[in-house]
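The next block is entry.cif, given as mmCIF, C-alpha atoms.
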data_run
loop_
_atom_site.group_PDB
_atom_site.id
_atom_site.type_symbol
_atom_site.label_atom_id
_atom_site.label_comp_id
_atom_site.auth_asym_id
_atom_site.auth_seq_id
_atom_site.Cartn_x
_atom_site.Cartn_y
_atom_site.Cartn_z
ATOM 1 C CA MET V 1 -14.645 -25.647 27.080
ATOM 2 C CA THR V 2 -17.150 -22.909 26.269
ATOM 3 C CA GLN V 3 -18.340 -19.956 28.272
ATOM 4 C CA HIS V 4 -21.063 -22.150 29.782
ATOM 5 C CA ASP V 5 -18.394 -24.171 31.589
ATOM 6 C CA LEU V 6 -16.582 -21.169 33.016
ATOM 7 C CA PRO V 7 -16.136 -20.811 36.759
ATOM 8 C CA ALA V 8 -17.731 -17.788 38.381
ATOM 9 C CA HIS V 9 -14.651 -15.544 38.461
ATOM 10 C CA GLU V 10 -13.922 -16.295 34.814
ATOM 11 C CA GLU V 11 -17.536 -15.755 33.900
ATOM 12 C CA ARG V 12 -17.295 -12.211 35.255
ATOM 13 C CA LEU V 13 -14.258 -11.612 33.088
ATOM 14 C CA ALA V 14 -15.937 -13.165 30.074
ATOM 15 C CA SER V 15 -19.086 -11.157 30.677
ATOM 16 C CA ALA V 16 -17.135 -7.908 30.864
ATOM 17 C CA LEU V 17 -15.314 -8.692 27.620
ATOM 18 C CA ARG V 18 -18.555 -9.726 25.916
ATOM 19 C CA SER V 19 -20.185 -6.436 26.865
ATOM 20 C CA ALA V 20 -17.201 -4.438 25.633
ATOM 21 C CA LEU V 21 -17.040 -6.251 22.304
ATOM 22 C CA ALA V 22 -20.804 -6.006 21.856
ATOM 23 C CA ALA V 23 -20.506 -2.259 22.395
ATOM 24 C CA ARG V 24 -17.748 -2.090 19.798
ATOM 25 C CA ASP V 25 -19.861 -3.994 17.278
ATOM 26 C CA ALA V 26 -22.854 -1.750 17.974
ATOM 27 C CA ALA V 27 -20.706 1.314 17.308
ATOM 28 C CA LEU V 28 -19.173 -0.187 14.158
ATOM 29 C CA PRO V 29 -21.981 -2.107 12.437
ATOM 30 C CA ALA V 30 -21.261 -4.097 9.307
ATOM 31 C CA ARG V 31 -22.333 -2.748 5.978
ATOM 32 C CA SER V 32 -24.954 -4.886 4.300
ATOM 33 C CA PHE V 33 -23.851 -8.128 2.706
ATOM 34 C CA GLU V 34 -24.905 -6.931 -0.767
ATOM 35 C CA ARG V 35 -22.899 -3.714 -0.474
ATOM 36 C CA SER V 36 -19.834 -5.709 0.422
ATOM 37 C CA TRP V 37 -20.097 -7.592 -2.832
ATOM 38 C CA ALA V 38 -20.739 -4.463 -4.876
ATOM 39 C CA SER V 39 -17.582 -2.784 -3.732
ATOM 40 C CA SER V 40 -15.446 -5.891 -3.704
ATOM 41 C CA ALA V 41 -15.078 -6.041 -7.476
ATOM 42 C CA ALA V 42 -13.832 -2.457 -7.635
ATOM 43 C CA SER V 43 -11.465 -3.057 -4.790
ATOM 44 C CA ARG V 44 -10.112 -6.184 -6.436
ATOM 45 C CA THR V 45 -9.670 -4.448 -9.782
ATOM 46 C CA SER V 46 -7.772 -1.571 -8.282
ATOM 47 C CA SER V 47 -5.541 -3.866 -6.274
ATOM 48 C CA ARG V 48 -4.908 -6.006 -9.355
ATOM 49 C CA TRP V 49 -3.648 -3.058 -11.404
ATOM 50 C CA ARG V 50 -1.749 -1.440 -8.585
ATOM 51 C CA PRO V 51 1.503 -3.363 -9.255
ATOM 52 C CA ALA V 52 1.300 -2.511 -12.966
ATOM 53 C CA PHE V 53 0.875 1.193 -12.203
ATOM 54 C CA ALA V 54 3.749 1.049 -9.770
ATOM 55 C CA ALA V 55 5.980 -0.685 -12.337
ATOM 56 C CA VAL V 56 5.136 1.836 -15.065
ATOM 57 C CA SER V 57 5.743 4.758 -12.712
ATOM 58 C CA LEU V 58 9.066 3.308 -11.622
ATOM 59 C CA ALA V 59 10.112 2.753 -15.235
ATOM 60 C CA ALA V 60 9.213 6.359 -16.073
ATOM 61 C CA VAL V 61 11.253 7.696 -13.178
ATOM 62 C CA ILE V 62 14.254 5.531 -14.107
ATOM 63 C CA SER V 63 14.003 6.626 -17.755
ATOM 64 C CA ALA V 64 13.873 10.283 -16.761
ATOM 65 C CA LEU V 65 16.893 9.926 -14.513
ATOM 66 C CA SER V 66 18.810 8.002 -17.160
ATOM 67 C CA TRP V 67 18.023 10.667 -19.758
ATOM 68 C CA THR V 68 19.180 13.384 -17.401
ATOM 69 C CA VAL V 69 22.425 11.655 -16.458
ATOM 70 C CA LEU V 70 23.337 9.773 -19.618
ATOM 71 C CA GLY V 71 21.420 11.763 -22.250
ATOM 72 C CA PRO V 72 22.912 13.630 -25.246
ATOM 73 C CA ARG V 73 25.661 16.087 -24.286
ATOM 74 C CA SER V 74 25.625 19.720 -25.300
ATOM 75 C CA GLU V 75 29.005 19.388 -27.132
ATOM 76 C CA PRO V 76 28.730 18.293 -30.773
ATOM 77 C CA THR V 77 29.999 14.859 -31.418
ATOM 78 C CA SER V 78 32.925 14.420 -33.876
ATOM 79 C CA THR V 79 32.198 12.753 -37.207
ATOM 80 C CA ALA V 80 34.595 10.870 -39.420
ATOM 81 C CA LEU V 81 36.163 13.002 -42.225
ATOM 82 C CA ASP V 82 35.672 11.842 -45.786
ATOM 83 C CA PRO V 83 39.100 10.679 -47.179
ATOM 84 C CA THR V 84 38.624 12.451 -50.509
ATOM 85 C CA LEU V 85 37.811 15.724 -48.828
ATOM 86 C CA ALA V 86 40.730 15.250 -46.504
ATOM 87 C CA ARG V 87 43.104 14.861 -49.463
ATOM 88 C CA GLU V 88 41.707 18.000 -51.101
ATOM 89 C CA LEU V 89 42.072 20.019 -47.924
ATOM 90 C CA SER V 90 45.633 18.771 -47.537
ATOM 91 C CA SER V 91 46.746 19.737 -51.064
ATOM 92 C CA GLU V 92 48.762 22.924 -51.499
ATOM 93 C CA GLY V 93 46.683 24.269 -54.387
ATOM 94 C CA PHE V 94 43.398 24.190 -52.390
ATOM 95 C CA TRP V 95 44.526 26.985 -50.122
ATOM 96 C CA ARG V 96 46.169 29.182 -52.846
ATOM 97 C CA VAL V 97 44.411 32.497 -53.269
ATOM 98 C CA PRO V 98 44.196 33.245 -57.025
ATOM 99 C CA THR V 99 44.845 36.982 -56.675
ATOM 100 C CA ASP V 100 46.016 37.570 -60.244
ATOM 101 C CA GLU V 101 43.071 35.739 -61.791
ATOM 102 C CA LEU V 102 40.641 37.689 -59.615
ATOM 103 C CA LEU V 103 42.174 40.983 -60.654
ATOM 104 C CA ALA V 104 41.878 39.955 -64.311
ATOM 105 C CA HIS V 105 38.144 39.620 -63.870
ATOM 106 C CA ALA V 106 37.787 42.827 -61.881
ATOM 107 C CA ASP V 107 35.700 45.737 -63.240
ATOM 108 C CA PRO V 108 37.574 48.321 -65.283
ATOM 109 C CA ALA V 109 38.399 51.621 -63.651
ATOM 110 C CA ALA V 110 35.520 54.093 -63.356
ATOM 111 C CA GLY V 111 37.580 56.941 -64.895
ATOM 112 C CA ILE V 112 37.300 59.248 -61.962
ATOM 113 C CA VAL V 113 40.288 61.546 -61.557
ATOM 114 C CA LEU V 114 41.224 61.981 -57.967
ATOM 115 C CA PRO V 115 43.152 65.105 -56.929
ATOM 116 C CA SER V 116 46.760 64.609 -56.201
ATOM 117 C CA PRO V 117 47.781 65.178 -52.615
ATOM 118 C CA ARG V 118 50.506 67.391 -53.908
ATOM 119 C CA ASP V 119 47.938 69.854 -55.285
ATOM 120 C CA LEU V 120 46.196 70.271 -51.945
ATOM 121 C CA GLU V 121 47.380 73.096 -49.723
ATOM 122 C CA PHE V 122 46.450 72.879 -46.094
ATOM 123 C CA SER V 123 48.397 73.515 -43.004
ATOM 124 C CA LEU V 124 49.330 70.991 -40.376
ATOM 125 C CA GLU V 125 46.864 72.591 -37.925
ATOM 126 C CA GLU V 126 44.014 72.149 -40.390
ATOM 127 C CA SER V 127 44.857 68.564 -40.961
ATOM 128 C CA LEU V 128 44.689 67.910 -37.251
ATOM 129 C CA LEU V 129 41.261 69.532 -36.904
ATOM 130 C CA MET K 130 -15.171 -17.915 -12.100
ATOM 131 C CA ARG K 131 -15.163 -21.179 -10.170
ATOM 132 C CA HIS K 132 -17.682 -21.635 -7.388
ATOM 133 C CA ASN K 133 -17.138 -23.322 -4.087
ATOM 134 C CA PRO K 134 -19.707 -26.120 -4.149
ATOM 135 C CA LEU K 135 -19.777 -26.557 -0.378
ATOM 136 C CA VAL K 136 -20.420 -22.899 0.471
ATOM 137 C CA ASP K 137 -23.847 -21.423 0.010
ATOM 138 C CA PRO K 138 -23.727 -17.622 -0.297
ATOM 139 C CA ARG K 139 -26.894 -17.435 1.791
ATOM 140 C CA GLU K 140 -24.999 -18.984 4.659
ATOM 141 C CA LEU K 141 -22.266 -16.386 4.223
ATOM 142 C CA ALA K 142 -24.947 -13.704 4.368
ATOM 143 C CA GLN K 143 -26.325 -15.125 7.608
ATOM 144 C CA LEU K 144 -22.873 -15.035 9.173
ATOM 145 C CA HIS K 145 -22.013 -11.631 7.709
ATOM 146 C CA ASP K 146 -22.435 -9.486 10.843
ATOM 147 C CA GLU K 147 -20.451 -11.868 12.970
ATOM 148 C CA SER K 148 -17.812 -12.209 10.266
ATOM 149 C CA PHE K 149 -17.382 -8.445 10.174
ATOM 150 C CA SER K 150 -17.121 -8.355 13.944
ATOM 151 C CA TRP K 151 -14.376 -10.994 13.794
ATOM 152 C CA ALA K 152 -12.636 -9.072 11.004
ATOM 153 C CA LEU K 153 -12.691 -6.016 13.289
ATOM 154 C CA THR K 154 -10.948 -8.059 15.969
ATOM 155 C CA CYS K 155 -8.334 -9.255 13.476
ATOM 156 C CA THR K 156 -7.641 -5.695 12.299
ATOM 157 C CA ARG K 157 -7.602 -4.064 15.753
ATOM 158 C CA GLY K 158 -10.882 -2.258 15.226
ATOM 159 C CA ARG K 159 -10.014 -0.539 11.933
ATOM 160 C CA ARG K 160 -13.215 -0.466 9.949
ATOM 161 C CA ALA K 161 -11.763 0.114 6.477
ATOM 162 C CA GLU K 162 -9.272 -2.703 6.903
ATOM 163 C CA ALA K 163 -11.937 -5.029 8.270
ATOM 164 C CA GLU K 164 -14.197 -4.380 5.277
ATOM 165 C CA GLU K 165 -11.371 -5.022 2.833
ATOM 166 C CA VAL K 166 -10.351 -8.207 4.603
ATOM 167 C CA LEU K 167 -13.937 -9.449 4.556
ATOM 168 C CA GLN K 168 -14.341 -8.664 0.857
ATOM 169 C CA MET K 169 -11.144 -10.492 -0.021
ATOM 170 C CA SER K 170 -12.252 -13.453 2.080
ATOM 171 C CA TYR K 171 -15.634 -13.644 0.335
ATOM 172 C CA LEU K 172 -13.991 -13.478 -3.075
ATOM 173 C CA ALA K 173 -11.524 -16.202 -2.157
ATOM 174 C CA ILE K 174 -14.407 -18.394 -1.040
ATOM 175 C CA VAL K 175 -16.654 -17.819 -4.042
ATOM 176 C CA GLU K 176 -13.815 -18.200 -6.538
ATOM 177 C CA GLY K 177 -12.807 -21.464 -4.890
ATOM 178 C CA ARG K 178 -9.353 -20.294 -3.764
ATOM 179 C CA ALA K 179 -10.403 -20.970 -0.182
ATOM 180 C CA ARG K 180 -11.782 -24.506 -0.126
ATOM 181 C CA PHE K 181 -14.182 -25.633 2.549
ATOM 182 C CA GLY K 182 -13.490 -29.306 3.173
ATOM 183 C CA GLY K 183 -16.453 -29.831 5.464
ATOM 184 C CA GLN K 184 -14.323 -31.088 8.363
ATOM 185 C CA ALA K 185 -15.016 -28.080 10.569
ATOM 186 C CA SER K 186 -18.198 -26.048 10.843
ATOM 187 C CA LEU K 187 -18.640 -23.408 8.161
ATOM 188 C CA ARG K 188 -18.511 -20.691 10.838
ATOM 189 C CA THR K 189 -15.177 -21.890 12.231
ATOM 190 C CA TRP K 190 -13.714 -22.283 8.758
ATOM 191 C CA LEU K 191 -14.933 -18.828 7.736
ATOM 192 C CA PHE K 192 -13.274 -17.259 10.780
ATOM 193 C CA ALA K 193 -10.011 -18.980 9.840
ATOM 194 C CA VAL K 194 -10.218 -17.647 6.267
ATOM 195 C CA ILE K 195 -10.869 -14.119 7.530
ATOM 196 C CA ARG K 196 -7.985 -14.298 9.964
ATOM 197 C CA ASN K 197 -5.613 -15.579 7.264
ATOM 198 C CA HIS K 198 -6.540 -12.693 4.980
ATOM 199 C CA ALA K 199 -6.110 -10.200 7.812
ATOM 200 C CA TYR K 200 -2.630 -11.521 8.540
ATOM 201 C CA SER K 201 -1.672 -11.601 4.852
ATOM 202 C CA ARG K 202 -2.744 -8.000 4.564
ATOM 203 C CA TRP K 203 -0.808 -7.077 7.690
ATOM 204 C CA ARG K 204 2.332 -8.783 6.378
ATOM 205 C CA ARG K 205 2.025 -6.987 3.035
ATOM 206 C CA ALA K 206 1.554 -3.678 4.828
ATOM 207 C CA ARG K 207 4.559 -4.345 7.038
ATOM 208 C CA ARG K 208 6.753 -5.002 3.994
ATOM 209 C CA THR K 209 5.565 -1.885 2.269
ATOM 210 C CA LEU K 210 5.947 0.123 5.449
ATOM 211 C CA GLN K 211 9.661 0.185 4.827
ATOM 212 C CA GLY K 212 8.883 2.787 2.199
ATOM 213 C CA LEU K 213 8.325 6.321 3.374
ATOM 214 C CA ALA K 214 5.116 6.774 1.384
ATOM 215 C CA ARG K 215 3.420 3.893 3.141
ATOM 216 C CA LEU K 216 4.288 5.437 6.461
ATOM 217 C CA ALA K 217 1.882 8.298 5.810
ATOM 218 C CA THR K 218 -0.951 5.899 4.930
ATOM 219 C CA PHE K 219 -0.297 3.871 8.019
ATOM 220 C CA THR K 220 -0.461 6.994 10.139
ATOM 221 C CA THR K 221 -3.786 7.888 8.545
ATOM 222 C CA GLU K 222 -5.198 4.404 9.055
ATOM 223 C CA ALA K 223 -3.998 4.303 12.609
ATOM 224 C CA HIS K 224 -5.614 7.663 13.187
ATOM 225 C CA GLU K 225 -8.886 6.423 11.681
ATOM 226 C CA GLY K 226 -8.730 3.392 13.915
ATOM 227 C CA GLU K 227 -8.111 5.487 16.963
ATOM 228 C CA THR K 228 -10.927 7.847 16.066
ATOM 229 C CA ALA K 229 -13.371 4.970 15.563
ATOM 230 C CA ALA K 230 -12.142 3.285 18.704
ATOM 231 C CA ALA K 231 -12.503 6.505 20.694
ATOM 232 C CA ARG K 232 -16.059 6.903 19.432
ATOM 233 C CA TYR K 233 -17.324 3.650 20.775
ATOM 234 C CA GLN K 234 -15.070 3.501 23.791
ATOM 235 C CA ALA K 235 -16.139 6.885 25.069
ATOM 236 C CA ALA K 236 -19.795 5.953 24.780
ATOM 237 C CA GLN K 237 -19.573 2.660 26.603
ATOM 238 C CA ASP K 238 -18.756 1.432 30.072
ATOM 239 C CA GLY K 239 -16.505 -1.261 28.615
ATOM 240 C CA THR K 240 -13.749 1.202 27.753
ATOM 241 C CA ARG K 241 -11.399 -0.130 30.365
ATOM 242 C CA VAL K 242 -12.022 -3.743 29.405
ATOM 243 C CA LEU K 243 -11.588 -3.035 25.726
ATOM 244 C CA GLN K 244 -8.349 -1.167 26.301
ATOM 245 C CA ALA K 245 -6.996 -3.987 28.429
ATOM 246 C CA TRP K 246 -8.079 -6.544 25.831
ATOM 247 C CA GLN K 247 -6.469 -4.594 23.010
ATOM 248 C CA ALA K 248 -3.226 -4.476 24.953
ATOM 249 C CA LEU K 249 -2.986 -8.274 24.862
ATOM 250 C CA ALA K 250 -0.800 -10.167 22.410
ATOM 251 C CA PRO K 251 -2.664 -10.834 19.128
ATOM 252 C CA ARG K 252 -3.249 -14.555 19.705
ATOM 253 C CA GLN K 253 -4.336 -14.033 23.295
ATOM 254 C CA ARG K 254 -6.737 -11.354 22.136
ATOM 255 C CA GLU K 255 -8.123 -13.583 19.402
ATOM 256 C CA VAL K 256 -8.564 -16.682 21.511
ATOM 257 C CA LEU K 257 -10.417 -14.716 24.201
ATOM 258 C CA ASP K 258 -12.649 -13.172 21.546
ATOM 259 C CA LEU K 259 -13.437 -16.580 20.062
ATOM 260 C CA VAL K 260 -14.053 -18.342 23.362
ATOM 261 C CA PHE K 261 -15.673 -15.606 25.451
ATOM 262 C CA TYR K 262 -17.532 -13.619 22.824
ATOM 263 C CA ARG K 263 -18.253 -16.109 20.041
ATOM 264 C CA GLU K 264 -18.633 -19.085 22.366
ATOM 265 C CA LEU K 265 -16.280 -21.365 20.487
ATOM 266 C CA SER K 266 -14.534 -24.168 22.292
ATOM 267 C CA ILE K 267 -10.782 -23.882 22.739
ATOM 268 C CA ALA K 268 -10.374 -26.679 20.179
ATOM 269 C CA GLU K 269 -12.414 -24.719 17.649
ATOM 270 C CA ALA K 270 -10.444 -21.568 18.455
ATOM 271 C CA ALA K 271 -7.239 -23.537 17.868
ATOM 272 C CA ALA K 272 -8.547 -24.541 14.428
ATOM 273 C CA VAL K 273 -9.359 -20.921 13.586
ATOM 274 C CA LEU K 274 -5.939 -19.725 14.715
ATOM 275 C CA GLY K 275 -4.163 -22.606 13.003
ATOM 276 C CA VAL K 276 -2.381 -23.739 16.175
ATOM 277 C CA SER K 277 -2.441 -26.899 18.255
ATOM 278 C CA LEU K 278 -4.931 -27.321 21.067
ATOM 279 C CA GLY K 279 -2.125 -27.082 23.625
ATOM 280 C CA THR K 280 -0.878 -23.813 22.167
ATOM 281 C CA ALA K 281 -4.398 -22.406 22.126
ATOM 282 C CA ARG K 282 -4.814 -23.358 25.789
ATOM 283 C CA VAL K 283 -1.590 -21.550 26.681
ATOM 284 C CA HIS K 284 -2.749 -18.404 24.877
ATOM 285 C CA TYR K 285 -6.146 -18.687 26.525
ATOM 286 C CA GLU K 286 -4.735 -18.999 30.063
ATOM 287 C CA ARG K 287 -2.134 -16.291 29.575
ATOM 288 C CA GLY K 288 -4.705 -14.022 27.978
ATOM 289 C CA LYS K 289 -7.092 -14.397 30.886
ATOM 290 C CA ALA K 290 -4.350 -13.801 33.449
ATOM 291 C CA THR K 291 -3.006 -10.747 31.635
ATOM 292 C CA LEU K 292 -6.476 -9.306 31.088
ATOM 293 C CA ARG K 293 -7.344 -9.778 34.755
ATOM 294 C CA ARG K 294 -4.059 -8.194 35.818
ATOM 295 C CA HIS K 295 -4.624 -5.207 33.528
ATOM 296 C CA LEU K 296 -8.147 -4.708 34.846
ATOM 297 C CA GLU K 297 -7.106 -5.001 38.468
ATOM 298 C CA GLY K 298 -4.223 -2.612 37.846
ATOM 299 C CA SER K 299 -6.405 -0.018 36.186
ATOM 300 C CA ALA K 300 -9.088 -0.403 38.886
ATOM 301 C CA GLY K 301 -6.538 0.156 41.623
#
Translate this file's structure into structure tokens.
Amino acid sequence: MTQHDLPAHEERLASALRSALAARDAALPARSFERSWASSAASRTSSRWRPAFAAVSLAAVISALSWTVLGPRSEPTSTALDPTLARELSSEGFWRVPTDELLAHADPAAGIVLPSPRDLEFSLEESLL
Amino acid sequence: MRHNPLVDPRELAQLHDESFSWALTCTRGRRAEAEEVLQMSYLAIVEGRARFGGQASLRTWLFAVIRNHAYSRWRRARRTLQGLARLATFTTEAHEGETAAARYQAAQDGTRVLQAWQALAPRQREVLDLVFYRELSIAEAAAVLGVSLGTARVHYERGKATLRRHLEGSAG
């Protein structure tokens, strides 16, 4: 059945709808056929790459979050101690301070004669000032 | 790029205005969506992804291709709508649609009819558009919508009744 077969009351309804849709189409005309083709390639390209951009963005966000949560800590990490060094540090002689040997290599006295405290005469009050 | 041997681009060009009008119907009057749907339909046809078997008329087949793309797009948008970002886009598109709709509705006497028609269920709206406006038979409309003839008849009858009720209600 087409509009030509419509009874009168339906024809009025059809006519009203036709007028309304024709008005809509007049207000929203189609762009030219050629322009549709020109912009279709760009539209298709952008839509083709859209999932890739979304995936890359998502991966970047996940990486950033992972780095923030699971990244390197501020505390230094412990390293394994070399066994040889450990033995040296554990030996008694490593920590001995060679005081006598150091004194043997010390510079000789400068020969300055310091006054004896016994020769100094000052009162208790002066010493406190 | 493969070419569809049974579709002449010149024929597509001749049907272009009507195809855009049908795309507008399938996208509830949203111009940007209608243009995108039409572009995707043309590409599918030229690249051979949409094959014209020659059983139906080219016009009927083209309408079916456009409608399928419109619904695919709508389904994709609905899935993505679950994300908050898409919600903003949808709001913008809806606003654009309303603005465009307001422009032509305010200028025409058919405002009431168009509003009542847009309030119909999608298949009722489409079958009335195809039969009343594009002068397709109900059988051809059924082919475009991808439903049986009986189903198309039901949508057609219900659409008419609902449209008439809406118009009588708004007139009273």
For range 18-20 of chain V: contacts at 8 Å, all atoms listed in the file, fewer than 2 positions along chain excluded, given as a compact mmCIF listing (two decimals) with C-alpha atoms, keeping the file's coordinate frame:
# COMPACT_ATOMS: atom_id res chain seq x y z
CA ALA V 14 -15.94 -13.16 30.07
CA SER V 15 -19.09 -11.16 30.68
CA ALA V 16 -17.14 -7.91 30.86
CA ALA V 22 -20.80 -6.01 21.86
CA ALA V 23 -20.51 -2.26 22.40
CA ARG V 24 -17.75 -2.09 19.80
CA GLN K 237 -19.57 2.66 26.60
CA ASP K 238 -18.76 1.43 30.07
CA GLY K 239 -16.50 -1.26 28.62
CA THR K 240 -13.75 1.20 27.75
CA VAL K 242 -12.02 -3.74 29.40
CA LEU K 243 -11.59 -3.04 25.73
CA PHE K 261 -15.67 -15.61 25.45
CA TYR K 262 -17.53 -13.62 22.82
| field | Point-to-point distance from CA of Asp258 in chain K to CA of Ala163 in chain K, Å rounded to tenths | value |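 Interatomic distance here is 15.6 Å.
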| request: Pull out every residue that the PyMOL selection byres ((chain K and resi 201) around 12) matches in the shown coordinates and put them as an MDAnalysis selection string. | output: chainID K and resid 155:156 162 165:166 169:170 194:200 202:208
| request: Might you spell out which residues the PyMOL selection byres ((chain K) within 9 of (chain V)) would select in the displayed file, as number ranges by chain? | output: K: 141-143, 145-150, 153-154, 158, 160, 164-165, 167-169, 171-172, 229-230, 232-234, 236-243, 246, 257-258, 260-268, 289, 292-293
| Mind pulling up the distance from CA of Leu102 in chain V to CA of Ser90 in chain V? |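 Spanning CA of Ser90 in chain V to CA of Leu102 in chain V is a straight-line distance of 23.0 Å.
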Range 276-294 of chain K, all listed atoms, 6 Å padding on each side: what axis-aligned box centre and edge lengths in Å to one decimal come out, as AutoDock Vina command-line options?
--center_x -4.1 --center_y -17.8 --center_z 26.0 --size_x 18.5 --size_y 31.1 --size_z 31.6
